[in-house]
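J.: Just work-v8.cif, nothing more (mmCIF, C-alpha atoms and all ligand atoms):
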```cif
data_coords
#
loop_
_atom_site.label_atom_id
_atom_site.label_comp_id
_atom_site.auth_asym_id
_atom_site.auth_seq_id
_atom_site.Cartn_x
_atom_site.Cartn_y
_atom_site.Cartn_z
CA MET A 1 122.94 -110.60 -16.97
CA LYS A 2 119.76 -112.47 -16.08
CA PRO A 3 120.13 -115.30 -13.53
CA LYS A 4 119.71 -118.83 -14.89
CA ILE A 5 116.54 -120.46 -13.61
CA GLY A 6 115.80 -124.11 -12.82
CA PHE A 7 112.10 -125.04 -12.74
CA ILE A 8 110.88 -128.28 -11.11
CA GLY A 9 107.21 -129.28 -11.46
CA ILE A 10 105.85 -128.50 -14.94
CA GLY A 11 102.16 -129.13 -14.23
CA ILE A 12 99.11 -126.92 -14.81
CA MET A 13 100.76 -123.91 -13.12
CA GLY A 14 104.46 -124.65 -13.68
CA TYR A 15 103.96 -124.94 -17.44
CA HIS A 16 102.58 -121.40 -17.82
CA MET A 17 104.99 -119.90 -15.28
CA SER A 18 108.10 -121.40 -16.87
CA ARG A 19 106.80 -120.46 -20.31
CA ASN A 20 106.45 -116.82 -19.22
CA LEU A 21 110.01 -116.87 -17.87
CA ILE A 22 111.30 -118.23 -21.20
CA SER A 23 109.33 -115.53 -23.09
CA ALA A 24 110.93 -112.89 -20.84
CA GLY A 25 114.39 -114.06 -21.92
CA TYR A 26 115.40 -116.24 -18.97
CA GLN A 27 117.29 -119.49 -19.50
CA VAL A 28 115.05 -122.15 -17.93
CA THR A 29 116.23 -125.67 -17.15
CA ALA A 30 113.14 -127.78 -16.48
CA TYR A 31 112.49 -131.06 -14.68
CA ASP A 32 109.36 -133.10 -13.98
CA VAL A 33 108.88 -136.75 -13.12
CA PHE A 34 106.16 -136.84 -15.77
CA GLU A 35 108.00 -136.99 -19.11
CA GLU A 36 105.06 -135.70 -21.16
CA SER A 37 104.80 -132.48 -19.10
CA LEU A 38 108.52 -131.93 -19.40
CA ASN A 39 108.52 -132.35 -23.19
CA ARG A 40 105.71 -129.80 -23.51
CA ILE A 41 107.91 -127.03 -22.07
CA VAL A 42 111.05 -128.22 -23.89
CA GLU A 43 109.10 -127.55 -27.11
CA HIS A 44 108.88 -123.93 -25.94
CA GLY A 45 112.61 -123.53 -25.41
CA ALA A 46 113.37 -124.98 -21.95
CA ILE A 47 116.51 -127.05 -21.44
CA LYS A 48 115.55 -130.60 -20.49
CA ALA A 49 117.00 -131.93 -17.23
CA ASN A 50 116.87 -135.63 -16.38
CA SER A 51 117.40 -135.12 -12.65
CA ILE A 52 117.30 -132.49 -9.92
CA LYS A 53 121.11 -132.57 -9.95
CA GLU A 54 121.09 -131.45 -13.60
CA VAL A 55 118.79 -128.56 -12.60
CA THR A 56 120.93 -127.27 -9.74
CA ALA A 57 124.14 -127.68 -11.80
CA ASP A 58 122.96 -125.12 -14.36
CA SER A 59 120.89 -122.67 -12.25
CA ASP A 60 121.37 -119.60 -10.05
CA VAL A 61 117.73 -119.75 -8.91
CA VAL A 62 115.66 -122.94 -8.51
CA ILE A 63 111.86 -122.71 -8.43
CA THR A 64 109.55 -125.58 -7.45
CA MET A 65 105.83 -125.81 -8.27
CA LEU A 66 104.84 -129.18 -6.81
CA PRO A 67 101.59 -130.67 -5.47
CA ASP A 68 102.02 -130.93 -1.70
CA SER A 69 104.28 -130.66 1.37
CA PRO A 70 105.76 -134.21 1.09
CA ASP A 71 106.66 -133.55 -2.58
CA VAL A 72 108.49 -130.33 -1.68
CA GLU A 73 110.23 -131.98 1.27
CA LYS A 74 111.34 -134.85 -0.99
CA VAL A 75 112.60 -132.59 -3.81
CA ALA A 76 114.28 -130.13 -1.42
CA LEU A 77 115.70 -132.39 1.29
CA GLY A 78 115.33 -136.00 0.08
CA SER A 79 117.77 -138.39 -1.52
CA GLU A 80 119.02 -136.94 -4.86
CA GLY A 81 117.15 -133.73 -3.99
CA ILE A 82 118.28 -130.09 -4.00
CA SER A 83 120.21 -130.40 -0.71
CA GLU A 84 122.46 -133.08 -2.21
CA SER A 85 123.51 -131.04 -5.22
CA ALA A 86 123.03 -127.37 -4.22
CA ARG A 87 126.00 -125.07 -4.05
CA ASN A 88 126.51 -122.36 -1.45
CA GLY A 89 124.55 -119.22 -2.40
CA LEU A 90 121.92 -120.93 -4.55
CA LEU A 91 118.53 -119.23 -4.30
CA TYR A 92 115.60 -121.59 -3.82
CA ILE A 93 111.99 -120.45 -4.19
CA ASP A 94 109.14 -122.84 -3.48
CA MET A 95 105.96 -121.53 -5.12
CA SER A 96 103.77 -124.58 -4.32
CA THR A 97 101.06 -124.35 -1.67
CA ILE A 98 102.32 -126.32 1.32
CA ALA A 99 102.18 -126.32 5.13
CA PRO A 100 103.86 -123.24 6.68
CA ASP A 101 105.78 -125.57 9.04
CA THR A 102 107.26 -127.46 6.08
CA ALA A 103 108.30 -124.18 4.43
CA ILE A 104 110.13 -123.19 7.62
CA LYS A 105 111.77 -126.64 7.94
CA VAL A 106 113.00 -126.56 4.32
CA ALA A 107 114.37 -123.01 4.71
CA ASP A 108 116.15 -123.96 7.97
CA GLU A 109 117.67 -127.19 6.62
CA LEU A 110 118.81 -125.75 3.27
CA GLY A 111 119.96 -122.58 5.05
CA LYS A 112 122.53 -124.68 6.96
CA GLN A 113 124.14 -125.40 3.55
CA GLY A 114 124.12 -121.74 2.48
CA VAL A 115 121.05 -122.10 0.24
CA ARG A 116 118.92 -118.94 0.46
CA CYS A 117 115.19 -119.72 0.60
CA LEU A 118 111.86 -118.02 0.00
CA ASP A 119 108.35 -119.45 0.15
CA ALA A 120 106.24 -117.77 -2.53
CA PRO A 121 102.85 -119.44 -3.07
CA VAL A 122 100.50 -117.91 -5.60
CA SER A 123 96.86 -117.13 -6.17
CA GLY A 124 95.09 -116.48 -9.45
CA GLY A 125 94.70 -119.97 -10.84
CA GLU A 126 95.66 -121.27 -14.26
CA VAL A 127 94.34 -118.12 -15.93
CA GLY A 128 96.51 -115.96 -13.66
CA ALA A 129 99.55 -118.12 -14.41
CA GLN A 130 98.89 -117.94 -18.14
CA ASN A 131 98.41 -114.17 -18.15
CA ALA A 132 101.33 -113.47 -15.78
CA ALA A 133 98.79 -111.95 -13.39
CA LEU A 134 99.35 -114.02 -10.25
CA SER A 135 99.25 -112.63 -6.74
CA ILE A 136 102.51 -113.83 -5.17
CA MET A 137 102.84 -113.93 -1.37
CA VAL A 138 106.40 -114.19 -0.17
CA GLY A 139 108.01 -115.31 3.09
CA GLY A 140 111.71 -114.65 3.73
CA LEU A 141 114.32 -111.91 3.90
CA GLN A 142 113.73 -108.46 2.37
CA THR A 143 117.14 -108.62 0.63
CA LEU A 144 116.22 -111.87 -1.12
CA PHE A 145 112.80 -110.50 -2.00
CA ASP A 146 114.45 -107.46 -3.63
CA GLU A 147 116.89 -109.68 -5.53
CA VAL A 148 114.11 -111.89 -6.91
CA LEU A 149 111.52 -109.19 -7.63
CA PRO A 150 112.38 -108.98 -11.37
CA ILE A 151 111.59 -112.73 -11.68
CA PHE A 152 108.36 -112.44 -9.68
CA SER A 153 107.35 -109.47 -11.85
CA VAL A 154 107.40 -111.74 -14.91
CA LEU A 155 104.97 -114.13 -13.21
CA GLY A 156 102.56 -111.90 -11.35
CA LYS A 157 101.05 -108.45 -10.90
CA THR A 158 100.76 -108.29 -7.09
CA VAL A 159 103.96 -109.32 -5.34
CA THR A 160 104.01 -108.89 -1.57
CA LEU A 161 106.57 -109.68 1.12
CA CYS A 162 104.41 -111.02 3.98
CA GLY A 163 107.04 -111.67 6.64
CA SER A 164 109.73 -114.23 7.45
CA ASN A 165 109.93 -117.79 6.03
CA GLY A 166 106.51 -119.45 6.25
CA ALA A 167 104.57 -116.16 6.18
CA GLY A 168 103.84 -116.53 2.47
CA GLN A 169 102.22 -119.90 3.18
CA ILE A 170 100.20 -118.42 6.08
CA VAL A 171 98.75 -115.74 3.77
CA LYS A 172 98.04 -118.40 1.13
CA ALA A 173 96.10 -120.37 3.78
CA CYS A 174 94.05 -117.19 4.47
CA ASN A 175 93.44 -116.88 0.73
CA GLN A 176 92.21 -120.46 0.48
CA ILE A 177 89.75 -119.96 3.37
CA GLN A 178 88.13 -117.12 1.49
CA VAL A 179 88.12 -118.91 -1.89
CA ALA A 180 86.61 -122.10 -0.41
CA LEU A 181 83.84 -120.14 1.30
CA ASN A 182 83.17 -118.19 -1.90
CA PHE A 183 82.69 -121.46 -3.78
CA VAL A 184 80.37 -122.87 -1.12
CA GLY A 185 78.36 -119.62 -0.95
CA MET A 186 78.01 -119.47 -4.74
CA ALA A 187 76.99 -123.14 -4.83
CA GLU A 188 74.26 -122.70 -2.19
CA ALA A 189 72.89 -119.63 -4.01
CA LEU A 190 72.79 -121.42 -7.39
CA VAL A 191 71.27 -124.62 -5.97
CA MET A 192 68.50 -122.86 -4.07
CA GLY A 193 67.63 -120.48 -6.92
CA THR A 194 67.60 -123.30 -9.50
CA LYS A 195 65.38 -125.52 -7.34
CA ALA A 196 62.97 -122.59 -7.04
CA GLY A 197 62.77 -122.59 -10.84
CA VAL A 198 65.01 -119.67 -11.83
CA ASP A 199 67.57 -120.19 -14.62
CA PRO A 200 71.02 -120.16 -12.93
CA GLU A 201 72.35 -118.06 -15.81
CA ILE A 202 70.03 -115.28 -14.62
CA ILE A 203 71.18 -115.72 -11.02
CA ILE A 204 74.82 -115.32 -12.11
CA LYS A 205 74.02 -112.26 -14.22
CA VAL A 206 72.22 -110.52 -11.35
CA LEU A 207 74.64 -111.44 -8.56
CA SER A 208 77.65 -110.46 -10.70
CA GLY A 209 76.26 -106.95 -11.14
CA GLY A 210 75.86 -106.20 -7.44
CA TYR A 211 77.42 -106.56 -4.00
CA ALA A 212 77.58 -110.36 -4.31
CA GLN A 213 80.03 -110.13 -7.24
CA THR A 214 83.17 -112.24 -6.77
CA ARG A 215 86.07 -113.26 -8.99
CA VAL A 216 85.11 -116.86 -8.20
CA MET A 217 81.69 -116.37 -9.75
CA ASP A 218 83.07 -114.34 -12.68
CA VAL A 219 85.52 -117.09 -13.65
CA ARG A 220 83.75 -120.33 -12.69
CA GLY A 221 80.03 -119.50 -12.56
CA PRO A 222 79.51 -119.65 -16.35
CA GLN A 223 81.45 -122.95 -16.48
CA ILE A 224 79.41 -124.53 -13.66
CA ILE A 225 76.10 -123.91 -15.39
CA LYS A 226 77.52 -125.46 -18.59
CA GLY A 227 78.50 -128.51 -16.51
CA ASN A 228 82.21 -127.92 -17.24
CA PHE A 229 84.31 -129.01 -14.26
CA ALA A 230 87.66 -129.52 -16.03
CA PRO A 231 90.47 -128.22 -13.80
CA GLY A 232 91.64 -125.35 -13.28
CA PHE A 233 92.49 -126.05 -9.71
CA LYS A 234 91.90 -129.64 -8.72
CA SER A 235 89.50 -130.31 -5.83
CA ARG A 236 92.01 -132.63 -4.18
CA PHE A 237 94.41 -129.67 -4.02
CA HIS A 238 91.82 -127.47 -2.35
CA TYR A 239 91.12 -130.30 0.12
CA LYS A 240 94.89 -130.49 0.73
CA ASP A 241 94.87 -126.73 1.41
CA LEU A 242 91.86 -127.06 3.75
CA ASN A 243 93.75 -129.73 5.70
CA ILE A 244 96.73 -127.36 5.99
CA ILE A 245 94.34 -124.62 7.16
CA MET A 246 92.61 -126.79 9.78
CA ASP A 247 95.98 -128.06 11.11
CA THR A 248 97.34 -124.51 11.29
CA ALA A 249 94.18 -123.21 13.01
CA LYS A 250 94.31 -126.06 15.54
CA ARG A 251 97.94 -125.24 16.36
CA LEU A 252 97.04 -121.55 16.78
CA GLN A 253 93.82 -122.33 18.72
CA VAL A 254 91.71 -120.47 16.18
CA PRO A 255 88.18 -121.85 15.64
CA LEU A 256 87.18 -121.81 11.95
CA PRO A 257 83.55 -122.97 12.01
CA ALA A 258 82.60 -122.01 8.45
CA THR A 259 85.84 -123.38 6.97
CA ALA A 260 85.25 -126.65 8.84
CA ILE A 261 81.99 -127.10 6.91
CA ALA A 262 83.73 -126.36 3.60
CA HIS A 263 86.38 -128.93 4.59
CA GLU A 264 83.70 -131.62 5.03
CA LEU A 265 81.97 -130.72 1.75
CA PHE A 266 85.27 -131.13 -0.10
CA ALA A 267 85.85 -134.44 1.74
CA SER A 268 82.51 -135.64 0.35
CA LEU A 269 83.42 -134.50 -3.18
CA LEU A 270 86.68 -136.48 -3.01
CA ALA A 271 84.93 -139.53 -1.50
CA ASN A 272 82.59 -139.51 -4.49
CA GLY A 273 85.41 -139.52 -7.04
CA GLY A 274 85.63 -135.76 -7.70
CA GLY A 275 89.25 -135.16 -6.68
CA ASP A 276 90.48 -134.41 -10.19
CA LEU A 277 87.57 -132.09 -11.02
CA ASP A 278 87.89 -128.32 -10.63
CA HIS A 279 87.20 -127.05 -7.09
CA SER A 280 83.99 -125.44 -8.37
CA ALA A 281 82.70 -129.05 -8.43
CA VAL A 282 81.99 -128.72 -4.70
CA ILE A 283 78.56 -127.61 -5.96
CA LYS A 284 77.94 -131.28 -6.91
CA VAL A 285 77.83 -132.18 -3.19
CA LEU A 286 75.18 -129.52 -2.52
CA GLU A 287 73.29 -130.47 -5.70
CA ALA A 288 73.12 -134.11 -4.53
CA MET A 289 71.84 -132.97 -1.12
CA ALA A 290 69.11 -130.84 -2.74
CA GLY A 291 68.25 -133.17 -5.61
CA VAL A 292 68.77 -130.54 -8.30
CA GLU A 293 71.49 -129.58 -10.80
CA ALA A 294 72.24 -125.90 -11.40
CA ARG A 295 72.62 -126.01 -15.19
CA ALA A 296 71.59 -123.37 -17.72
CA LYS A 297 68.12 -124.00 -19.15
CA GLU A 298 69.05 -124.32 -22.83
CA LEU A 299 71.31 -127.36 -22.06
P1 LIG B 1 99.90 -130.28 -11.12
O1 LIG B 1 99.59 -131.60 -10.51
O2 LIG B 1 99.29 -129.94 -12.44
O3 LIG B 1 101.50 -130.14 -11.28
C1 LIG B 1 102.44 -130.63 -10.38
C2 LIG B 1 103.60 -131.20 -11.18
O4 LIG B 1 104.63 -131.63 -10.28
C3 LIG B 1 103.22 -132.43 -12.02
O5 LIG B 1 103.57 -132.21 -13.38
C4 LIG B 1 104.01 -133.56 -11.40
O6 LIG B 1 104.42 -134.56 -12.34
C5 LIG B 1 105.20 -132.82 -10.81
N1 LIG B 1 105.88 -133.53 -9.74
C6 LIG B 1 105.34 -134.18 -8.67
N2 LIG B 1 106.30 -134.71 -7.89
C7 LIG B 1 107.49 -134.38 -8.49
C8 LIG B 1 108.86 -134.65 -8.18
N3 LIG B 1 109.19 -135.37 -7.10
N4 LIG B 1 109.81 -134.16 -9.00
C9 LIG B 1 109.48 -133.45 -10.11
N5 LIG B 1 108.20 -133.18 -10.47
C10 LIG B 1 107.22 -133.65 -9.67
O7 LIG B 1 99.59 -129.18 -10.03
P2 LIG B 1 99.31 -127.59 -10.24
O8 LIG B 1 97.86 -127.37 -10.43
O9 LIG B 1 100.29 -127.02 -11.22
O10 LIG B 1 99.62 -127.06 -8.75
C11 LIG B 1 100.95 -127.00 -8.25
C12 LIG B 1 100.93 -126.28 -6.91
O11 LIG B 1 100.40 -124.96 -7.09
C13 LIG B 1 100.06 -126.95 -5.83
O12 LIG B 1 100.67 -126.83 -4.58
C14 LIG B 1 98.77 -126.15 -5.89
O13 LIG B 1 98.08 -126.19 -4.65
C15 LIG B 1 99.31 -124.76 -6.23
N6 LIG B 1 98.36 -123.88 -6.93
C16 LIG B 1 97.65 -124.33 -8.01
C17 LIG B 1 96.74 -123.47 -8.65
C18 LIG B 1 95.92 -123.94 -9.83
O14 LIG B 1 94.97 -123.22 -10.20
N7 LIG B 1 96.22 -125.06 -10.46
C19 LIG B 1 96.59 -122.15 -8.18
C20 LIG B 1 97.34 -121.70 -7.12
C21 LIG B 1 98.23 -122.59 -6.49
#
```
Here is the file; what I need is its structure written in the form of structure tokens.
T.:
Amino acid sequence: MKPKIGFIGIGIMGYHMSRNLISAGYQVTAYDVFEESLNRIVEHGAIKANSIKEVTADSDVVITMLPDSPDVEKVALGSEGISESARNGLLYIDMSTIAPDTAIKVADELGKQGVRCLDAPVSGGEVGAQNAALSIMVGGLQTLFDEVLPIFSVLGKTVTLCGSNGAGQIVKACNQIQVALNFVGMAEALVMGTKAGVDPEIIIKVLSGGYAQTRVMDVRGPQIIKGNFAPGFKSRFHYKDLNIIMDTAKRLQVPLPATAIAHELFASLLANGGGDLDHSAVIKVLEAMAGVEARAKEL
């Protein structure tokens, strides 16, 4: 029999992920502080919970997909959180992107109560969540990984055990370095080419057919040149991830000179009110610097 799943955090990602679990025949009990998000998934067959306690009461596995480290700490360890209502043997998987240190703290604290924990952040964006094509990077015990693999297989295509608790979040930080630098590189290319008078649509077409091709450009390039910056992945979340990365690098004494520049560019985007735009909107910072907008000519 399939384990019963509790899902907390029905936002951009959590909605598609819990929907895929329901479609695969899992019982999903859902909870979100935002009533509207919760009702959206209840319409697709989730059981509505009014508290975290109601989630843990009816679940063998609890998944969280929350914004940031403090949210996960609050839901996992805070008053009326998972630790207050969890039973011995519950399996808890946090799939949010948070600080590796917080993932380890949560696993240690809940572990004292017999709750078995994995960190399992994801990459692939909203499209990956929708199409059950996420890359899932897992930190924790091999035995737990094996037990949960059928659930992960419903959500993603590449599922990898990266090491002990916290290792999933470390690999996610590596992922976010590369994605941020891809966005900044694409933005600089489009801004310079456009200011020189070339249609950015042509730049995307050419770069996508050669060595400069990236998934970032495939997915977001055509949207950028239409001026569509609806999220997707919110810029304030990528800034959150860049803060996690810079803190982690500092602790490890690893200089990240290129990522530090991306970090400052995202800080500027947020300071100018772009936090809820897609992370591709980092191009707006470079456009303002250059005095040009990389938009397709027919617009
Ligand atoms: P989101 O803001 O759309 O969703 C988060 C949800 O959590 C919201 O519905 C919010 O109401 C809910 N929430 C917040 N605090 C809560 C609490 N205490 N109890 C219950 N619910 C609570 O965010 P998202 O885009 O779905 O991202 C979620 C996580 O996934 C983030 O850590 C993000 O970095 C990561 N992520 C997002 C993407 C993406 O493309 N959106 C891709 C990979 C990873």
J.: Which residue out of A:Leu21, A:Leu91, A:Ile244, A:Ile203 has the minimum interatomic distance to ligand LIG 1 (chain B) when all atoms listed in the file are used?
T.: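 Nearest to ligand LIG 1 (chain B): A:Ile244.
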J.: Kindly provide, as an NGL selection string, all nucleotide and amino acid residues lying within 9 Å of ligand LIG 1 (chain B), counting all atoms listed in the file.
T.: :A and (8-16 or 31-38 or 51-52 or 64-72 or 74-75 or 81 or 95-98 or 121-129 or 134 or 172 or 231-234 or 236-238 or 240-241 or 278)
J.: Which of these, A:Lys53, A:Lys205, A:Lys195, A:Lys226, has the shortest distance to Glu298 of chain A once you count only C-alpha atoms?
T.: A:Lys226
J.: Show me a table, sorted first by chain and then by increasing residue number, of the residues of segment 135-188 of chain A having an atom at most 12 Å from segment 254-258 of chain A, each with its shortest atom pair and the distance in Å to one decimal, counting all atoms listed in the file and written as a tab-separated table.
T.:
```
residue	atom	partner	partner_atom	distance
A:Cys174	CA	A:Leu256	CA	11.2
A:Ile177	CA	A:Ala258	CA	9.0
A:Gln178	CA	A:Ala258	CA	10.1
A:Ala180	CA	A:Ala258	CA	9.7
A:Leu181	CA	A:Ala258	CA	7.5
A:Asn182	CA	A:Ala258	CA	11.0
A:Val184	CA	A:Ala258	CA	9.9
A:Gly185	CA	A:Ala258	CA	10.6
```
J.: Interatomic distance between atom CA of Gln113 of chain A and atom CA of Gly163 of chain A?
T.: 22.1 Å
J.: What is the atom CA of Asp199 of chain A-atom CA of Ala271 of chain A distance in Å, reported with one decimal?
T.: 29.1 Å
J.: Could you give me, as a JSON list (two decimals) with C-alpha atoms, keeping the file's coordinate frame, the residues that sit within 12 Å of (110.3, -128.0, 7.6) in the file's coordinates, counting only C-alpha atoms?
T.:
```
[["chain", "number", "residue", "atom", "x", "y", "z"],
["A", 69, "SER", "CA", 104.28, -130.66, 1.37],
["A", 70, "PRO", "CA", 105.76, -134.21, 1.09],
["A", 72, "VAL", "CA", 108.49, -130.33, -1.68],
["A", 73, "GLU", "CA", 110.23, -131.98, 1.27],
["A", 74, "LYS", "CA", 111.34, -134.85, -0.99],
["A", 76, "ALA", "CA", 114.28, -130.13, -1.42],
["A", 77, "LEU", "CA", 115.70, -132.39, 1.29],
["A", 98, "ILE", "CA", 102.32, -126.32, 1.32],
["A", 99, "ALA", "CA", 102.18, -126.32, 5.13],
["A", 100, "PRO", "CA", 103.86, -123.24, 6.68],
["A", 101, "ASP", "CA", 105.78, -125.57, 9.04],
["A", 102, "THR", "CA", 107.26, -127.46, 6.08],
["A", 103, "ALA", "CA", 108.30, -124.18, 4.43],
["A", 104, "ILE", "CA", 110.13, -123.19, 7.62],
["A", 105, "LYS", "CA", 111.77, -126.64, 7.94],
["A", 106, "VAL", "CA", 113.00, -126.56, 4.32],
["A", 107, "ALA", "CA", 114.37, -123.01, 4.71],
["A", 108, "ASP", "CA", 116.15, -123.96, 7.97],
["A", 109, "GLU", "CA", 117.67, -127.19, 6.62],
["A", 110, "LEU", "CA", 118.81, -125.75, 3.27],
["A", 111, "GLY", "CA", 119.96, -122.58, 5.05],
["A", 117, "CYS", "CA", 115.19, -119.72, 0.60],
["A", 119, "ASP", "CA", 108.35, -119.45, 0.15],
["A", 165, "ASN", "CA", 109.93, -117.79, 6.03],
["A", 166, "GLY", "CA", 106.51, -119.45, 6.25]]
```
J.: Atom CA of Gly114 of chain A and atom CA of Asp146 of chain A, how far apart in Å?
T.: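 Pair atom CA of Asp146 of chain A / atom CA of Gly114 of chain A returns 18.3 Å.
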J.: So, with only C-alpha atoms as the atoms that count, which of A:Ile151, A:Ile22, A:Ile82, A:Leu252 lies closest to Val55 of chain A?
T.: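 Using only C-alpha atoms, Val55 of chain A sits closest to A:Ile82.
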J.: Tell me which of A:Gly274, A:Pro200, A:Gly45, A:Gly25 sits closest to Lys297 of chain A, counting all atoms listed in the file.
T.: A:Pro200
J.: For Ala133 of chain A, please output as a PDB file with C-alpha atoms, in the frame of the given file all residues within 8 Å (counting only C-alpha atoms; exclusion window: fewer than 6 positions along the same chain).
T.:
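The result, stored in around.pdb:
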```pdb
ATOM      1  CA  GLY A 124      95.090-116.480  -9.450  1.00  0.00           C
ATOM      2  CA  LEU A 155     104.970-114.130 -13.210  1.00  0.00           C
ATOM      3  CA  GLY A 156     102.560-111.900 -11.350  1.00  0.00           C
ATOM      4  CA  LYS A 157     101.050-108.450 -10.900  1.00  0.00           C
ATOM      5  CA  THR A 158     100.760-108.290  -7.090  1.00  0.00           C
TER       6      THR A 158
END
```
J.: So, with all atoms listed in the file as the atoms that count, which of A:Met217, A:Ala196, A:Ala189, A:Leu118 lies closest to Ala167 of chain A?
T.: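 Looking only at the distances to Ala167 of chain A, the closest residue turns out to be A:Leu118.
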J.: How would you write as a list in words the residues that get within 6 Å of (121.4, -122.0, -2.2) in the file's frame, counting all atoms listed in the file?
T.: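 Those within range, by chain then number, are Ala86, Arg87, Asn88, Gly89, Leu90, Leu91, Gly114, Val115 and Arg116 of chain A.
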